[in-house]
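Worksheet for the structure shown next.
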Amino acid sequence: MIEVSKAEATNREVLEEVTILFSGDSGDGIQLIGDRFAYSSSVKGNDISCFPDFPAEIRAPAGTTAGVSGFKLCFSSEPILTPGDHLDAMVAMNPAALKQNISELSDNGILIINSDSFKEKDCVKAGYQENPLKTGELDRFRLVEIPLTQLTLDALSSLNLPRKKALLCKNMLSLGVVCWLYERPIEELENWLDAKFGKQHLLSEANKKALHSGYNYADTIELFDAGFRVPKANLPKGRYRHITGNEALALGAVVASIKCKRELFFASYPITPSSDVLHSLARYKNFGVKTFQSEDEISAMGAVVGASFAGNLALTSTSGPGLDLKQEMLGLAVMAELPAVVFNIQRAGPSTGMPTKTEQTDLLAALYGRHGECEVPVLAPSTPADCFTMAIEAFRIAVTYMTPVIVLSDGYLANSAEPWQIPTDEDIDGFSVANLPAQSDGALFQRCPNTLARSWVLPGQKGLEHRLGGLERDYDKGAISYDPDNHFKMVLTRKEKIKRISQDISPISADEYSGADVLVVAWGSTHGALHTAVQQLKSEGYAIDHLHLRNLNPLPEGLGDCLRRYRKVLVAELNLGQLNSVLKNHWSIETEVLQKVSGMPFKIDEVYQHCKQLLTDNSQ
Amino acid sequence: MIEVSKAEATNREVLEEVTILFSGDSGDGIQLIGDRFAYSSSVKGNDISCFPDFPAEIRAPAGTTAGVSGFKLCFSSEPILTPGDHLDAMVAMNPAALKQNISELSDNGILIINSDSFKEKDCVKAGYQENPLKTGELDRFRLVEIPLTQLTLDALSSLNLPRKKALLCKNMLSLGVVCWLYERPIEELENWLDAKFGKQHLLSEANKKALHSGYNYADTIELFDAGFRVPKANLPKGRYRHITGNEALALGAVVASIKCKRELFFASYPITPSSDVLHSLARYKNFGVKTFQSEDEISAMGAVVGASFAGNLALTSTSGPGLDLKQEMLGLAVMAELPAVVFNIQRAGPSTGMPTKTEQTDLLAALYGRHGECEVPVLAPSTPADCFTMAIEAFRIAVTYMTPVIVLSDGYLANSAEPWQIPTDEDIDGFSVANLPAQSDGALFQRCPNTLARSWVLPGQKGLEHRLGGLERDYDKGAISYDPDNHFKMVLTRKEKIKRISQDISPISADEYSGADVLVVAWGSTHGALHTAVQQLKSEGYAIDHLHLRNLNPLPEGLGDCLRRYRKVLVAELNLGQLNSVLKNHWSIETEVLQKVSGMPFKIDEVYQHCKQLLTDNSQ
Amino acid sequence: MSIVEKIDVVTKLSKADFASDQEVRWCPGCGDYAILAGIQKVLPELNTPKENFVFVSGIGCSSRLPYYLSTYGFHTLHGRAPTVATGIKLANPELSVWVITGDGDALSIGANHLLHLLRRNINVNILLINNRIYGLTKGQYSPTSEQGKVTKSSPLGSISGPVDPVSFALNAGATFVARAIDKDAKGLQKILKQAAEHQGASFVEIYQNCHVFNDGAFEAATARDTKDDATVQLVDGEPLVFGSKDKKAIVLDGLEAKVVSVNTESLPDNALVHTTGSDNEAYDALLSSFQHKGLPLPVGVFRQLRKPTYEQGMIEQQQSSIASQGQGNIEALLTGGSYWFHE
Amino acid sequence: MSIVEKIDVVTKLSKADFASDQEVRWCPGCGDYAILAGIQKVLPELNTPKENFVFVSGIGCSSRLPYYLSTYGFHTLHGRAPTVATGIKLANPELSVWVITGDGDALSIGANHLLHLLRRNINVNILLINNRIYGLTKGQYSPTSEQGKVTKSSPLGSISGPVDPVSFALNAGATFVARAIDKDAKGLQKILKQAAEHQGASFVEIYQNCHVFNDGAFEAATARDTKDDATVQLVDGEPLVFGSKDKKAIVLDGLEAKVVSVNTESLPDNALVHTTGSDNEAYDALLSSFQHKGLPLPVGVFRQLRKPTYEQGMIEQQQSSIASQGQGNIEALLTGGSYWFHE
Ligand SMILES: Cc1ncc(C[n+]2csc(CCOP(=O)(O)OP(=O)(O)O)c2C)c(N)n1
Ligand SMILES: Cc1ncc(C[n+]2csc(CCOP(=O)(O)OP(=O)(O)O)c2C)c(N)n1
Ligand code: SF4
Ligand code: SF4
Ligand SMILES: [Mg+2]
Ligand SMILES: [Mg+2]
């Protein structure tokens, strides 16, 4: 736990919120300083929201736009849900970073650049015909040119570091400047560097020096007209940490396992942007977690099905291409009625697509991607922290209904961090595994009358030996059956079992969604932008509501009635209308769609404008 | 070519049509005699329709219901589309065959049994408590008990065959009996046996003897009150052959290749019920066909994508589980915009399901089973012969639009034979590959303005070297692109390209579907049963139409208007409503569904009753 | 339940106790019957409670076997049994896990999973039932079919040569590798027992006659009058001697193996003496190449090595992690990184 | 176009002609640069028109390579390059088809396809770029990582031992197998050329330094002061001799290889003489086991055998089928079985 330092400053303009972008080459350590500045902001008491955006290449050629890595952060004195559309400030370590992102900087925004990297050849590499510092195109910003390279070298000259090593501290120098600008005490950062490298370590020393130099440089030469202050937000009191969607999924899985007292078995094959789930869980061996890096996605899913048969809480994680590969084995889990959870972190498709970019295009594949009538429950968390809740919920549904469950996260949720009020053990609802037969009771293939789940009989239990498989089996006895009527009965039973889940999840409240002009329906990571835009419109007096679905299959009860209470239903998704088609399949309603498939999240403003248009059309 | 023998018979009752079932153990040679009797009936001039139904095991334990193999055949003097619901006659080689099928035999139907196989233990094996010959439960049929075993042994005694070998001729003896019953000359069968085994071969001798004995036995001891005659049907004049759906797909693929002058490359991994496509094509090497039995379905699809890149007409075939495995690679074909065709022969799912049974449950997986926005055209032939037409159409679409295409057949189409008027080369519409650039014209990634297809540039062409891949690429230049707007443009372009196909296929004719009380909408192998039931109702004066879709994506133009012209739309499918959900996604219409998921085709009567109910409700 | 009680229960079991209530549905004359019988015979002797056996299979005629055993069983997907078995074993290392697979299942669609299971040395027993054909899909050539094989899918003969299952397993690093034959009941049972008792991944290739689609594939190695000359029994510590009347020995000449007649009692100096524990890849390769070099077919255990299993490694890491960081709980988990108070 | 013209065109090409217009995007210091350069150097020497080259890859850092070549190329799916390459080669056997793959791509998800391509002896050239790590997904252990490897996904060390690519290929029946090293430009080029000229499946493992996630993995085999003692060059017909100052030879002792010092000019009788055409599995196994037996790492061509390729077999079957049945046409096709007239 870190104590919030009480550094004071004077003469600062007070802002409600600031959105800043750190950008540079992927080798520049942008994610690191972004992440840490976000943390500092949180510790200072702001609410924050951030969006890391990195290139597909490990380290694309330095200085090209392909290699630009960005970290966007909004810190605020009000509760916020997205990093915002426009930038108040931007750090560009080179011309490529400038080129890639300048369109987002608001007029009169602060633009900090490393003037040492705006040589002719740098500009050409980035695709500029002329040096943008000279064309006047940056005149509408508050341009702050800093010779970051030289300053860094000067600052570290006493340490006798090789030039290359020294230059790696540029990012810290720029962070120092930004710390001054937004009144961040640098002690906390120093502690973190000490913890990271070891107090005596040369790198700790070097980074601290660079940080200080930046801070002092800004202070001394009065780089800015004024510094800013974003006051503390009015958040509920308590313990907080940052959490990304991927971390939250991992934590949720471990908590589910502790709560229901079954070991967690996790098998996965690395794939962007899901690999961090594997990295996180691999570190939780002392929580009884078993992680298995398999030879491919099919194997991961197969191991999960096996582990589930043997009684572990079984989990895999993947991304689009891996989901395709898991489908056949998911079908086996459906047929064998075994609990399992798949975290699918969606990325821009189809095929290899744009692996580091976000999208919501796997919904239909999750719902229908298997041959035969083969339904599975599908859940979608709406914020990074919600990933924690939905991970636990996925396991609850899986073991209660004896079915595999797919959780759809995406690249945006996966990598974005938000402050999360840490729950205590007691805060978290547990669940138990009700259908473990204690002994040979002959009820091997009997179904629970409420859930229709079969019992979870584990190898090692005497007297309950049985054979599972992918062939259709007899409703009563579980043996292979080719009987036509039995097959139809089993198909309907499996369908009904999934349908019953809808009675076991929160219904759509008729009070809350009592009807208006427009209802915006959506799911997943778009929550923040949509909610913010709708709140804005509401505050302007428009009759608009926002309904964000977290259960995509089965859909919650009351949804159909709710949809009919609105004059227009707008389904907004980062795909070509996948949830829309699901809704239309259930209810013959006319809908409007807002589509975006560009690998980027919605901007608040594009949602706002679109809705406003609809509302205006409506009132005619 | 076989000449139709002109054997005459007297004293025969004339029937419009007969449905007969041959049934026995899977080792009894049932499929063989059924198939051959169907052929004889065709040669005699009847229209025929048949349904072979065999067990999942290669040879399940003799005498059990699990091992029963059946061949149902309808031969008629009128054009027919299905083998019919009820049996006029049935041959049961043992109690298991009787038990399995007796419920389908009409009252007063002819029931021929092998009395030698109705010993106590035979009945027990089949699951009878008592010998059904003794309980009176067969009294309502015209029971004809024949000691087939003994008769066969007697007939062949002079040949000194081992008993086991001799007994294998039982099926021929029963066929002889049936030949007498329905006035089939046995010369043609004799010729066939000679051709099969060689004229002098002992087996030819033995089978012919058994055949004769059966025929003579029926004749001599006046086994039946009377024989029957089903007159010639009034079919168009011409050359005919039998064709199963799988054969038709194979032939269609070869014809497509000859017509468009590109070699056919076929890669497949065996799986029931698609393997016969592999077996057929493997025999067409002298047509330039290359067949490649790959190590798995992923490899087959990969090889297809490679062969397509290199300029062959590329094809794979599979069934449900294999479709799951091909999805990722299909996505690559979509992204690389390469032509390819997948024949998916649907079987009862999910998972391994009931491999030898039919179902229409892969439609949604074909449409949506890939991550990302990843559309492909989907076609569905409606009869075995239509498989020929749709195979060619699939290739036409694939090369014209540079896209993979899925053709959905099923187990019923795959194995059922129907008489097919053999087209000549000129009868068949060809198509050409328009988008092969002749030389370096710089138009590598330019799209045809009509089809939006890119050009098919083949390795080996000088000056047009380029790199394909699964990453998103630039609309203009084809290089990798992570640009958000470009991605959206490409997603929409790929979608639009598929949509354009709808202008290139037959629209729904507003004249033909001008509106009525009920429209039955369906697809695939259900055509025969639905059409027959609807015709029946029409002839009874009901206002009902039947619309059978062969293009499932994109849907034909005019469909939406058509649907709206009917008071009720009934979507009838062998699944839980997959086409229904597609239709509802396009048009917010209310529909009724007729579902059946039992591994069996629709019966005419169940469709008839269901529609009648709807029509009656309607008129209230 | 104490261990004594368990053993008590186990020793009372007989072959019949391992037959399930399902009717066996292979073709008459299928070699799978003998293999099933062999397994049922051996299981009661393994001193393991019946409920601790799990038989996992893929898809194929052979993969139906688990249905006919009264143990726990899982008939999974074509080629994927090794993955499911891996999950079962890692989830509960107490179980005795077996994989039943065919030549197509294991070496066509599933070879990658098999490779990695063997490489990881997960303690499961793999029985690869090799009939050199696809049985269930009615007779296409398989990766173990001889080159030139004429089948429905290769009417002019298959083009590529076969994979040898034993070489594959040896090369993948399996710690127990053996070959057995359906018709040799005694030999089969002995090997099954050794495989079961081995700690680590055991791989047994079992030659099986597919009566319907590939009858007589193993005629030479099974027929009374040829088998003694066509095969050589591998016995740990014993020389490679074989032959029905005239005894013959296999000797080493450089890196080649050769057959010499041995009429006297003494063997030549360069006679090869079999050892299952050599850990010498060259010897393994030599032995497993006999078959396509015209030398007699080795039957028995090729290799048996003692190496740590994957699941042991996994458990050790868990334990060391608990030792260093303490048994985890929710509070520790959620506050694991840095956090702050908002007041 | 006549052959003469073609050759004319080809000989005019240079390394630069094989660079595409795409900017190379590997990390600074990545070994892939040297491999790309090696390929670009060799291609003009192969007497093949540029438009006949097709480079097929899977997914990984290494699999980006085809983008940087100005030939035809296809960046396919993770693990599946061998399948696509198979389709290309069978569709048009005239093309010179290359597979670029990584250790994860080829031996984790894709080992089954690789196995079957090699077994079928399809005439493609496979370059397995082995950095013993997953580069593109940012540093998890791969199937070639050494046991105990600490990575993000194995914080306490990986549990299972590695697959050796060369042994894998030898065992799969590849007809050309070699090992090269990114840093040894000359050796690499020589091997690439031999691989390209070989008729049949060629497999080349190339050690590649991943500067970011596994730096120095091949230090011993590449560092100036150690490499001569750590490696032995395989030269057909030459003895296995190595060593920087003191020359050493590898000798055969039974079925074991041993190192002896050779100070005089004459070699001991039992010194191993390398032959790429031995077709002796025991020798292949011996050679490929040097690495984990503390013997020097063999670099160069392990095996080169002349065997019919799959596509030759395929074409022969087509031809014999046309010879016996005549070139097919639509009429013959559709009336192929029995038919009748309805009048
Ligand atoms: C994904 C998938 N592909 C193909 C099949 C069809 N199939 C079932 S068994 C089999 C091969 C069986 O051969 P083998 O493993 O040798 O077993 P055998 O029947 O000979 O015992 C195939 C191709 C399937 N069930 N699933
Ligand atoms: C189906 C699928 N699974 C996983 C991935 C993610 N992935 C991309 S490359 C890679 C491993 C790359 O390792 P290697 O083949 O050794 O190549 P390197 O990057 O080291 O050159 C993985 C797991 C993917 N793209 N597709
Ligand atoms: S097909 Fe062959 S392997 Fe399958 S059950 Fe019959 S005899 Fe046995
Ligand atoms: S991550 Fe490694 S292999 Fe990939 S480009 Fe960088 S240095 Fe090369
Ligand atoms: Mg087999
Ligand atoms: Mg690698």
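Residues in the structure tokens are numbered from 1 in each chain, the chains being A, B, ... in the order shown, and ligands are numbered from 1 in the order shown.
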- Throw together the list of residues within 6 Å of ligand 2, counting only C-alpha atoms and all ligand atoms, and drop it here as a ChimeraX atom specification. /A:270-271,321-322 /D:59-62,78,102-105,131,133-137
For the selection just defined, write its residues with N, CA and C atoms to a file, as a compact mmCIF listing (two decimals), in the first residue's frame.
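And here is the file that came out, out38.txt:
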# COMPACT_ATOMS: atom_id res chain seq x y z
N PRO A 270 -1.18 -19.52 -26.34
CA PRO A 270 -1.04 -18.05 -26.40
C PRO A 270 -1.63 -17.46 -27.67
N ILE A 271 -2.32 -16.38 -27.55
CA ILE A 271 -2.78 -15.61 -28.70
C ILE A 271 -3.18 -14.22 -28.24
N PRO A 321 -9.37 -16.57 -33.92
CA PRO A 321 -8.94 -17.78 -34.64
C PRO A 321 -8.97 -19.01 -33.74
N GLY A 322 -8.63 -18.80 -32.48
CA GLY A 322 -8.65 -19.92 -31.54
C GLY A 322 -10.07 -20.37 -31.23
N ILE D 59 2.06 -18.23 -38.96
CA ILE D 59 2.01 -16.98 -38.22
C ILE D 59 3.12 -16.99 -37.17
N GLY D 60 3.77 -15.87 -37.03
CA GLY D 60 4.88 -15.72 -36.09
C GLY D 60 5.75 -14.60 -36.65
N CYS D 61 6.73 -14.17 -35.89
CA CYS D 61 7.63 -13.15 -36.42
C CYS D 61 8.26 -13.66 -37.71
N SER D 62 8.82 -14.87 -37.63
CA SER D 62 9.48 -15.47 -38.79
C SER D 62 8.54 -15.57 -39.98
N HIS D 78 -1.69 -19.87 -38.49
CA HIS D 78 -0.74 -20.44 -37.55
C HIS D 78 -0.72 -21.97 -37.66
N GLY D 102 8.05 -21.05 -37.97
CA GLY D 102 8.78 -20.91 -36.71
C GLY D 102 8.70 -22.18 -35.89
N ASP D 103 9.39 -22.18 -34.77
CA ASP D 103 9.38 -23.39 -33.93
C ASP D 103 8.00 -23.64 -33.33
N GLY D 104 7.29 -22.57 -33.00
CA GLY D 104 5.94 -22.76 -32.49
C GLY D 104 4.99 -23.13 -33.61
N ASP D 105 5.10 -22.42 -34.68
CA ASP D 105 4.26 -22.65 -35.84
C ASP D 105 4.39 -24.08 -36.36
N ASN D 131 13.90 -20.11 -32.90
CA ASN D 131 14.47 -19.22 -31.88
C ASN D 131 14.13 -19.70 -30.47
N ILE D 133 11.42 -19.95 -28.89
CA ILE D 133 10.52 -19.07 -28.12
C ILE D 133 9.38 -18.67 -29.04
N TYR D 134 8.27 -18.25 -28.47
CA TYR D 134 7.22 -17.60 -29.25
C TYR D 134 7.55 -16.12 -29.30
N GLY D 135 7.96 -15.65 -30.47
CA GLY D 135 8.31 -14.24 -30.57
C GLY D 135 7.07 -13.36 -30.66
N LEU D 136 6.25 -13.61 -31.64
CA LEU D 136 5.16 -12.68 -31.96
C LEU D 136 4.18 -12.50 -30.80
N THR D 137 3.97 -13.54 -30.01
CA THR D 137 3.06 -13.39 -28.88
C THR D 137 3.80 -12.95 -27.62
Hey, which residues sit close to ligand 6? Say within 12 Å, counting only C-alpha atoms and all ligand atoms, and write them as a short mmCIF file (atom, residue, chain, number, x, y, z; two decimals) with C-alpha atoms, in the first residue's frame.
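Wrote part09.cif, looks like this:
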data_model
loop_
_atom_site.label_atom_id
_atom_site.label_comp_id
_atom_site.auth_asym_id
_atom_site.auth_seq_id
_atom_site.Cartn_x
_atom_site.Cartn_y
_atom_site.Cartn_z
CA CYS D 30 16.66 -9.92 -34.88
CA GLY D 31 18.26 -12.92 -36.54
CA ASP D 32 15.53 -12.98 -39.14
CA GLY D 58 2.24 -19.57 -40.99
CA ILE D 59 2.01 -16.98 -38.22
CA GLY D 60 4.88 -15.72 -36.09
CA CYS D 61 7.63 -13.15 -36.42
CA SER D 62 9.48 -15.47 -38.79
CA SER D 63 6.32 -16.05 -40.81
CA HIS D 78 -0.74 -20.44 -37.55
CA GLY D 79 0.61 -23.94 -38.11
CA ILE D 100 8.72 -20.37 -43.84
CA THR D 101 7.79 -21.40 -40.33
CA GLY D 102 8.78 -20.91 -36.71
CA ASP D 103 9.38 -23.39 -33.93
CA GLY D 104 5.94 -22.76 -32.49
CA ASP D 105 4.26 -22.65 -35.84
CA ALA D 106 5.86 -25.86 -37.08
CA LEU D 107 6.21 -27.94 -33.95
CA SER D 108 3.49 -26.83 -31.61
CA LEU D 128 12.05 -23.85 -39.81
CA ILE D 129 13.31 -20.71 -38.12
CA ASN D 130 14.01 -21.83 -34.59
CA ASN D 131 14.47 -19.22 -31.88
CA ARG D 132 13.21 -21.53 -29.15
CA ILE D 133 10.52 -19.07 -28.12
CA TYR D 134 7.22 -17.60 -29.25
CA GLY D 135 8.31 -14.24 -30.57
CA LEU D 136 5.16 -12.68 -31.96
CA THR D 137 3.06 -13.39 -28.88
CA LYS D 138 5.79 -11.85 -26.78
CA GLY D 139 7.78 -14.58 -25.22
CA GLN D 140 6.17 -17.79 -24.04
CA TYR D 141 8.18 -21.02 -24.13
CA SER D 142 7.94 -23.08 -27.28
CA PRO D 143 8.26 -26.82 -27.92
CA THR D 144 11.95 -26.30 -28.64
CA SER D 145 12.63 -24.34 -25.46
CA GLU D 205 16.29 -25.98 -39.32
CA ILE D 206 17.78 -22.50 -38.96
CA TYR D 207 18.89 -21.32 -35.56
CA GLN D 208 17.75 -17.75 -35.15
CA ASN D 209 18.47 -15.34 -32.36
CA CYS D 210 15.40 -13.63 -30.91
CA HIS D 211 17.07 -10.58 -29.57
CA VAL D 212 14.13 -9.48 -27.49
CA PHE D 213 12.77 -12.61 -25.83
CA ASN D 214 15.52 -15.22 -25.99
CA ASP D 215 18.78 -13.47 -26.64
CA ALA D 217 20.08 -18.95 -27.07
#
Go through B:Ala453, B:Ile422, B:Val68, B:Val376 and flag the residue nearest chain D, using only C-alpha atoms for the distances.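 When distances to chain D are compared using only C-alpha atoms, the smallest one comes from B:Ile422.
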**Message:** Could you list, as a ChimeraX atom specification, every residue within 12 Å of D:Arg179, counting only C-alpha atoms and ignoring same-chain residues fewer than 2 positions away?
**Reply:** /D:126-130,164-167,169-170,176-177,181-182,184,187-192,194-195,202-208,221,231-234,287-288,297-303
Taking 4 positions as the minimum chain separation for residues in the same chain, which residues sit within 10 Å of A:Lys119 when counting only C-alpha atoms? Answer as a list in words.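 What passes the distance filter is Asn94, Pro95, Ser115, Cys123, Val124 and Asn131 of chain A.
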Contact residues (chain C, partner chain A, 7 Å, only C-alpha atoms) as a ChimeraX atom specification:
/C:51-52,54,67,70-76,80,83-88,91-92,113,318,321-322,325-331,334,338-343
Quick one: which chain D residues come within 7 Å of chain C, and what is the nearest atom pair for each with the distance in Å to one decimal, counting only C-alpha atoms, rows ordered by chain and ascending number, as CSV?
residue,atom,partner,partner_atom,distance
D:Ala111,CA,C:Asn112,CA,5.6
D:Asn112,CA,C:Asn112,CA,4.8
D:Arg119,CA,C:Gly161,CA,6.8
D:Arg120,CA,C:Ser160,CA,5.0
D:Leu156,CA,C:Gln317,CA,6.9
D:Ile159,CA,C:Gly313,CA,6.0
D:Ser160,CA,C:Arg120,CA,5.0
D:Gly161,CA,C:Arg119,CA,6.8
D:Leu255,CA,C:Ala282,CA,6.3
D:Glu281,CA,C:Ala285,CA,5.5
D:Ala282,CA,C:Ala282,CA,4.4
D:Tyr283,CA,C:Ala282,CA,6.5
D:Ala285,CA,C:Ala282,CA,4.9
D:Leu286,CA,C:Ala282,CA,4.8
D:Ser289,CA,C:Glu281,CA,6.9
D:Tyr310,CA,C:Ile159,CA,6.3
D:Gly313,CA,C:Ile159,CA,6.0
D:Gln317,CA,C:Leu156,CA,6.9
Output N, CA, C and O atoms for every residue in the selection just made, as a tab-separated table (two decimals), in the first residue's frame.
chain	number	residue	atom	x	y	z
D	111	ALA	N	2.70	-29.43	-36.03
D	111	ALA	CA	3.61	-30.57	-36.23
D	111	ALA	C	2.97	-31.68	-37.06
D	111	ALA	O	3.65	-32.39	-37.79
D	112	ASN	N	1.67	-31.84	-36.94
D	112	ASN	CA	1.03	-32.92	-37.67
D	112	ASN	C	1.10	-32.68	-39.18
D	112	ASN	O	1.40	-33.59	-39.95
D	119	ARG	N	6.49	-36.91	-44.82
D	119	ARG	CA	6.25	-38.32	-45.12
D	119	ARG	C	5.84	-38.50	-46.58
D	119	ARG	O	6.24	-39.46	-47.24
D	120	ARG	N	5.04	-37.59	-47.09
D	120	ARG	CA	4.57	-37.71	-48.48
D	120	ARG	C	5.67	-37.35	-49.49
D	120	ARG	O	5.52	-37.57	-50.66
D	156	LEU	N	7.85	-20.47	-13.12
D	156	LEU	CA	8.70	-21.36	-12.34
D	156	LEU	C	9.48	-22.34	-13.23
D	156	LEU	O	10.01	-23.33	-12.77
D	159	ILE	N	7.96	-27.37	-17.77
D	159	ILE	CA	8.09	-28.69	-17.18
D	159	ILE	C	8.61	-29.75	-18.16
D	159	ILE	O	9.34	-30.63	-17.78
D	160	SER	N	8.25	-29.60	-19.43
D	160	SER	CA	8.61	-30.70	-20.33
D	160	SER	C	9.82	-30.38	-21.19
D	160	SER	O	10.15	-29.23	-21.43
D	161	GLY	N	10.45	-31.43	-21.65
D	161	GLY	CA	11.65	-31.31	-22.46
D	161	GLY	C	11.31	-30.94	-23.89
D	161	GLY	O	10.17	-30.99	-24.31
D	255	LEU	N	27.17	-48.78	-30.14
D	255	LEU	CA	26.17	-47.87	-30.71
D	255	LEU	C	26.27	-46.48	-30.10
D	255	LEU	O	25.35	-45.70	-30.13
D	281	GLU	N	18.71	-45.48	-40.36
D	281	GLU	CA	18.04	-44.77	-39.28
D	281	GLU	C	18.91	-44.67	-38.03
D	281	GLU	O	18.82	-43.70	-37.28
D	282	ALA	N	19.70	-45.71	-37.80
D	282	ALA	CA	20.53	-45.71	-36.59
D	282	ALA	C	21.56	-44.59	-36.67
D	282	ALA	O	21.82	-43.89	-35.69
D	283	TYR	N	22.14	-44.41	-37.85
D	283	TYR	CA	23.13	-43.33	-38.00
D	283	TYR	C	22.45	-41.97	-37.84
D	283	TYR	O	22.96	-41.08	-37.15
D	285	ALA	N	19.86	-41.27	-36.16
D	285	ALA	CA	19.49	-41.07	-34.76
D	285	ALA	C	20.73	-40.73	-33.94
D	285	ALA	O	20.70	-39.88	-33.05
D	286	LEU	N	21.81	-41.42	-34.25
D	286	LEU	CA	23.06	-41.17	-33.53
D	286	LEU	C	23.46	-39.70	-33.70
D	286	LEU	O	23.74	-38.99	-32.74
D	289	SER	N	21.35	-37.11	-32.05
D	289	SER	CA	21.32	-37.12	-30.58
D	289	SER	C	22.58	-36.52	-29.97
D	289	SER	O	22.68	-36.39	-28.76
D	310	TYR	N	5.68	-37.12	-54.17
D	310	TYR	CA	4.24	-37.36	-54.19
D	310	TYR	C	3.63	-36.89	-55.49
D	310	TYR	O	2.83	-37.59	-56.11
D	313	GLY	N	4.10	-39.23	-58.32
D	313	GLY	CA	3.15	-40.35	-58.23
D	313	GLY	C	1.78	-39.93	-58.70
D	313	GLY	O	1.09	-40.66	-59.42
D	317	GLN	N	-0.21	-41.44	-61.97
D	317	GLN	CA	-1.53	-42.08	-61.90
D	317	GLN	C	-2.49	-41.44	-62.89
D	317	GLN	O	-3.29	-42.13	-63.53
For chain A, which residues have at least one atom within 6 Å of chain B, if we go by only C-alpha atoms? Write them as a PyMOL selection string, please.
-> chain A and resi 320+324+328+331-332+349-353+361-362+364-365+368-374+470-472+484-485+487-488+581+584-585+588-589+597-599
